[in-house]
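Here is the structure we will look at, set down as structure tokens.
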Amino acid sequence: MSIDQDQLPSKETASPEDKSDSIAVGEIPNSSTEAAQSDKGDAVNQSQDQDTSKDHGLKSNEKDTPAPAPVAAEANTSSSTEELGQSNVSTMKRKLDSLMDEDNPAKRSKPQGETPEPPKPASETNEIPTISNPEAGASAASTSEQMDVEAASRSAPTSDDHANSSPPSSDQSDAMDVDEPRSSSLLDEGSDAGAAAKTQSDDDLDYTSDLIDPALEGLMKLEDMVIPKVDPLDPLTFRDLAELEAALQIGDHYNYGEDDGWKGDWAGNLDLFRKEVVVNKNYLNTQPSAKPIRIDYCDWVASNARNKSDLRGLELLFRYVYHMKGTPAMAKKILAHALQRPAQSSEERLDIIIKAATRMNYDPIVLKQDGWTIKKTETPEGPLGGAFYIGRRVMWQKHEAVIVAYIPDETYGGLWKGVFLEDLDTFDMEPGELRLALKKWENKSRQKAFRSNTHSGSTRFAATAKFTVPGIENGIILAKPTNKASKGIMWPARVRNIVEGKRNADGKVEYTHNSISIEKLETAFRFLGLPKGIFARYLDSHRLAVSLKAYSLKHLPKNRDSEDQLLASASLTESHILSVKAPIFPDVVLMLPFDYILSKLPHPSELAASSLGNDEDSQEPVIDIDGIVHSLSPPECFGKSSQEPKNSSCLTPEALPSSPDPNFTPAKSVKRALQLASEENNGDSDTVWSMNNFASDFLVGLFQREAVDDFSVEGIGQMRTLITNLVAKLRQTCSAYPSYGMHRKVIELKKMLCQCLLIKGHGEDCIEYSSIPQGVSKVIIIIEWRKACERVYKRAVSKLSFAGVGNGVTSVITDSRCNGHVTQLGSFERPVRLPAAIKGAKRAGAGKDPNVLLLTEVEDIYYNMAENVVIPKAHKKSYVKRLKTKIQSIPPDQKGVPLTDDSDGEGGDDTMGSRGSYAAAVVGIGASLKAVDMVVTGKCVNTFCAIRPPGHHAGLELRPMNAVSNGFCLFNAAACAAIYATTPLSQGGLGLRRVCVIDFDVHHGNGTQDILCSTYDPRYLYVSIHAGGAHINGFEDEGSEDESFRHLLGGRNTEGIFPGRCGDSSPHKGVLNIPVGRQVTASAMGSALVSQVTPRVEEFSPDLIILSAGFDAHENDPLGMGGLSAADFGHVTEVACQMAYKTCSGRILSVLEGGYGVPCCRPRNDLFLPPSEDRLLDLGEDLPSNMGDEVHYTLRQKLDKCHEEGFLECVQSHVQSFVKCNSRK
């Protein structure tokens, strides 16, 4: 092979345009050009250096890195071309041809003895050489002398770029040898005629043709798939290819895994945009024990993009795949359209690119051009069935999918391509996997609801003929109004019967209210997002709904027809079955002047005032509709009273099985308020200390009957003695209290309150193990006893409190040693969370208001108790020893070291720390123990513990309940506090009988459940409201052979939610898990609190409530799984305080868990970027001077919106609600 010198341009005729700044992959770089043009090279390189750093935002983390070479290679093929030897050209041509024919089945033959070398890296950079990084340019785009012909022949063995796939420019063709023609496989896509033919064939492709199975047309929305004509993409230059290799970390130099190399097919290389690249290689070189930080290549390129033209890394990858051997024509068209389609921003361009990459996996024409069969056959083909299964539904990885294509395979016999219906993501299945997926779909189909074959119902409502709402026969449901002002909020509504002549909208939710509880309605209303002024209307709607439901239950005949008869009636009347089930209200009832009636009822503000000081639900009577209607008949209509006895004008609410009748309580709300006022005036009168002010009428009646007649309830006499002596002791203490000094007062207060709680538990035992006469409820006796003891406790707090101690006091506890826990760069759990929490507490008055204490030190007694007594009870000794040993081995100056990884190195990716992590975790436990002491012994009403690291994912041992990690947690503060509170006094605890832990972190507290409730323990109730659910984390399927989901913190939508399935169900009555879906919303949180949590907690009747206060369900939190505002967290806290007030005299404390929405607090420290102009969060003196805050660019962007409202405001609202609810009367 020789070079035709006549075809080479001379130096005199070479124009500036001929000096192309790129070499198409497949061209031969002239290694002598640099020597020949040394006079010009420096100036050109200098200009290119400036352009590159300007256009791509180049930067470097190495101080001694030399000036970057130009990213785009300079190729002056008109200089010293004569020096290019024939042997070099011939060798290069043979290697290019052999490399490009490797994956061509028609050209498998190679020269004898010649073996292709494995691909090698195109650069030797130490830091991640991103497309936007000058290190990538410096190392990947090295000089022509560094990128010799041998290195070029080893790059990317499957790319058509090596074959000069684009039409050569004038100087390119001059540099090539044209005496020996190129192979046809290289010419079909490289020539102008070939490119024109390809473009024409693409335009002729038709998505509505018979090639596509009709069953798949609706699934793929084929009408939206048509792509306009596009221009071909330019091939990569040698330097482009080297730059792409370096950015993707392809080759032996970046040997982090088996897949760090070019793939053998176009689809595999396209999927490299999801490849994880290492971003801290320099740090790994200096700290070998550290873990590499990985990020998806797509996300990394996007994070460096300043405008829509900066996604160069993805553009190079698309161009590379475009010119690969075997890339289908339609795939090329999609690739080109993704890069040429107009976009207004880098985010929009990125979205287009990702959608294009996803589409190519299921596009029917791409699949057909790639060799797949996309049309279903009528009969099975061969032993495996082949294309016969196209269009069949399957269950794969717990989600519904459909088979869209089939291709024969030499290894497995055949492969089937499936598409998930949820997000059109694709997967391939082998024959055995296909059979399993089909079987699972059949099993799922058999589990669907039973369908009746007797009556089809109305043809008009055939699709929803079986839809019904429990309780519809009472006529009242919760439905969404159609007006815009209501925002789709559930509202009480009446369903009209079909005979009323108007068809109703379908109802949605059963209406469960049987009475009106003002407090519960107020609680539910807070989470609706409606203006406060609308509450009166909201209350009136429920008043009317409850009255109509009560009238229906008591006075309307029941429909005795069977379900089949109701369906038949609905079919005959062409109506929905709901209209047949609904009761028929008399016209006189529907025509009553309800507006007038409602206007005469008390206003909500009057009801709130009347309930002051009452520890019972303020339930108002139900409107007696029957009494109103009856009054319209003689003799009432003549103004005369009837001599016949009639029903009461109001209905008494039905008592809950877990609570006594409200009539058992000793005083109504107004009477109780008057008694409280008189106590202040009368002081030590016998009336004030009468037993009737503490025990209910029911309980006092039992005491009296046991003393005067033969009626005997075993244990009642002892209970009477206990509470009588307790009240006498309190009266005596109150008389002598003013003479005590402050220290003595604190001691007497603690003794009195602890005695109340001990006697409360002792009295329960007296009844629990006694025989009760028939007709007397043991449950009611115990409940009334608990209420009596708590009333004594409240009286003690009210009487014995003084300035800064007792009633009306909230405390915030923290310790600077918690700052010793330093995580790695990029972690959500940053050290600045603690200063931000303290700042939020200060905004709520901590340290400024004398009744809101800020305690900044945990005493040694609590630290030692935590380390030596409580933590060994909560966590296994092996776990504590392993964690302590690992932390002690960390060098003092090192941070971000994995703490909870196992012997295989798994599970430590998110839970990292430093030398001070152990002390920080122990002092956090000590703070929670101190909080329990302060709340139970009456020093304050409620307490917030601002501590870190969090703890509710830390269980008995490493990674509890099959979680993939410890989720930032080391020791569990909430569980330790509960254990300390229930430990007997003889063992150093407080001797409480029952403790409830309520967890409102966005993640399920698997560690707390593992420690307290792995089996049923009557001392504990664990409640968790969190994101998740079986429909997200997958259903338990015994015998399943496919992989379960990986449940990661802040995982993608295709993954489950951390920590997994453990929070999707409640294993026993000691656990109440409430998963609310993929996102925690205000309505879901409010509904769970009102309808599920409050009844269960009141039934459990705890002596103390502990809140695992996680604020990562906030709408601006970077995890992105919440929809709550800071005000919503305040409402949640108030509801919890109301539960505490009713069950345990307001004793409640909270420990900080999650919540990561803290904006950046320190400016960027980057030598290669201009000074930061980012908005910073000013924490003032609360931010220690030695505390840094390094945040990745991508996380920094997510945190910017937290300036409006974030973690700090959530803590502020939480503490403010504690302050609002810290008065006990």
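In the structure tokens, chains take letters A, B, ... by order of appearance, with residues numbered from 1 within each chain and ligands from 1 in the order shown.
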Exercise for the section: Within 9 Å of segment 350-360 of chain A, counting only C-alpha atoms, which residues show up once you throw out same-chain ones fewer than 5 positions away? Write them as a PyMOL selection string, please. Expected result: chain A and resi 267+270-271+273+298+302+308+311+314-315+330-331+334-335+337-339+341+343+345+366-367+424-426
Handout entry: Every residue of segment 1118-1222 of chain A that DSSP places in strand (DSSP E or B), as a ChimeraX atom specification
Key = /A:1122,1124,1148-1152
Residues from last step as file, N, CA, C and O atoms, as an mmCIF file, in the first residue's frame:
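Wrote it out as result-v6.cif, contents follow:
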data_model
loop_
_atom_site.group_PDB
_atom_site.id
_atom_site.type_symbol
_atom_site.label_atom_id
_atom_site.label_comp_id
_atom_site.auth_asym_id
_atom_site.auth_seq_id
_atom_site.Cartn_x
_atom_site.Cartn_y
_atom_site.Cartn_z
ATOM 1 N N GLY A 1122 -41.224 13.808 51.154
ATOM 2 C CA GLY A 1122 -42.196 14.419 52.048
ATOM 3 C C GLY A 1122 -42.938 15.559 51.399
ATOM 4 O O GLY A 1122 -42.495 16.145 50.408
ATOM 5 N N LEU A 1124 -44.769 17.782 53.801
ATOM 6 C CA LEU A 1124 -45.217 18.533 54.961
ATOM 7 C C LEU A 1124 -44.531 19.895 55.028
ATOM 8 O O LEU A 1124 -43.400 20.056 54.566
ATOM 9 N N ILE A 1148 -44.236 14.224 77.893
ATOM 10 C CA ILE A 1148 -43.808 13.917 76.534
ATOM 11 C C ILE A 1148 -42.434 14.510 76.298
ATOM 12 O O ILE A 1148 -42.103 15.587 76.814
ATOM 13 N N LEU A 1149 -41.609 13.804 75.545
ATOM 14 C CA LEU A 1149 -40.293 14.312 75.149
ATOM 15 C C LEU A 1149 -40.017 13.860 73.728
ATOM 16 O O LEU A 1149 -40.663 12.922 73.219
ATOM 17 N N SER A 1150 -39.084 14.510 73.070
ATOM 18 C CA SER A 1150 -38.742 14.152 71.688
ATOM 19 C C SER A 1150 -37.230 14.108 71.531
ATOM 20 O O SER A 1150 -36.498 14.842 72.199
ATOM 21 N N VAL A 1151 -36.770 13.223 70.645
ATOM 22 C CA VAL A 1151 -35.346 13.129 70.299
ATOM 23 C C VAL A 1151 -35.226 13.345 68.798
ATOM 24 O O VAL A 1151 -36.051 12.878 68.014
ATOM 25 N N LEU A 1152 -34.200 14.061 68.403
ATOM 26 C CA LEU A 1152 -33.996 14.403 66.995
ATOM 27 C C LEU A 1152 -33.563 13.171 66.216
ATOM 28 O O LEU A 1152 -32.625 12.470 66.606
#
Exercise for the section: Compile the contact shell of segment 430-440 of chain A as a ChimeraX atom specification: residues with an atom at most 9 Å away, counting only C-alpha atoms, same-chain residues fewer than 3 positions apart removed. Expected result: /A:384,392-397,412-416,443-445,1040-1042
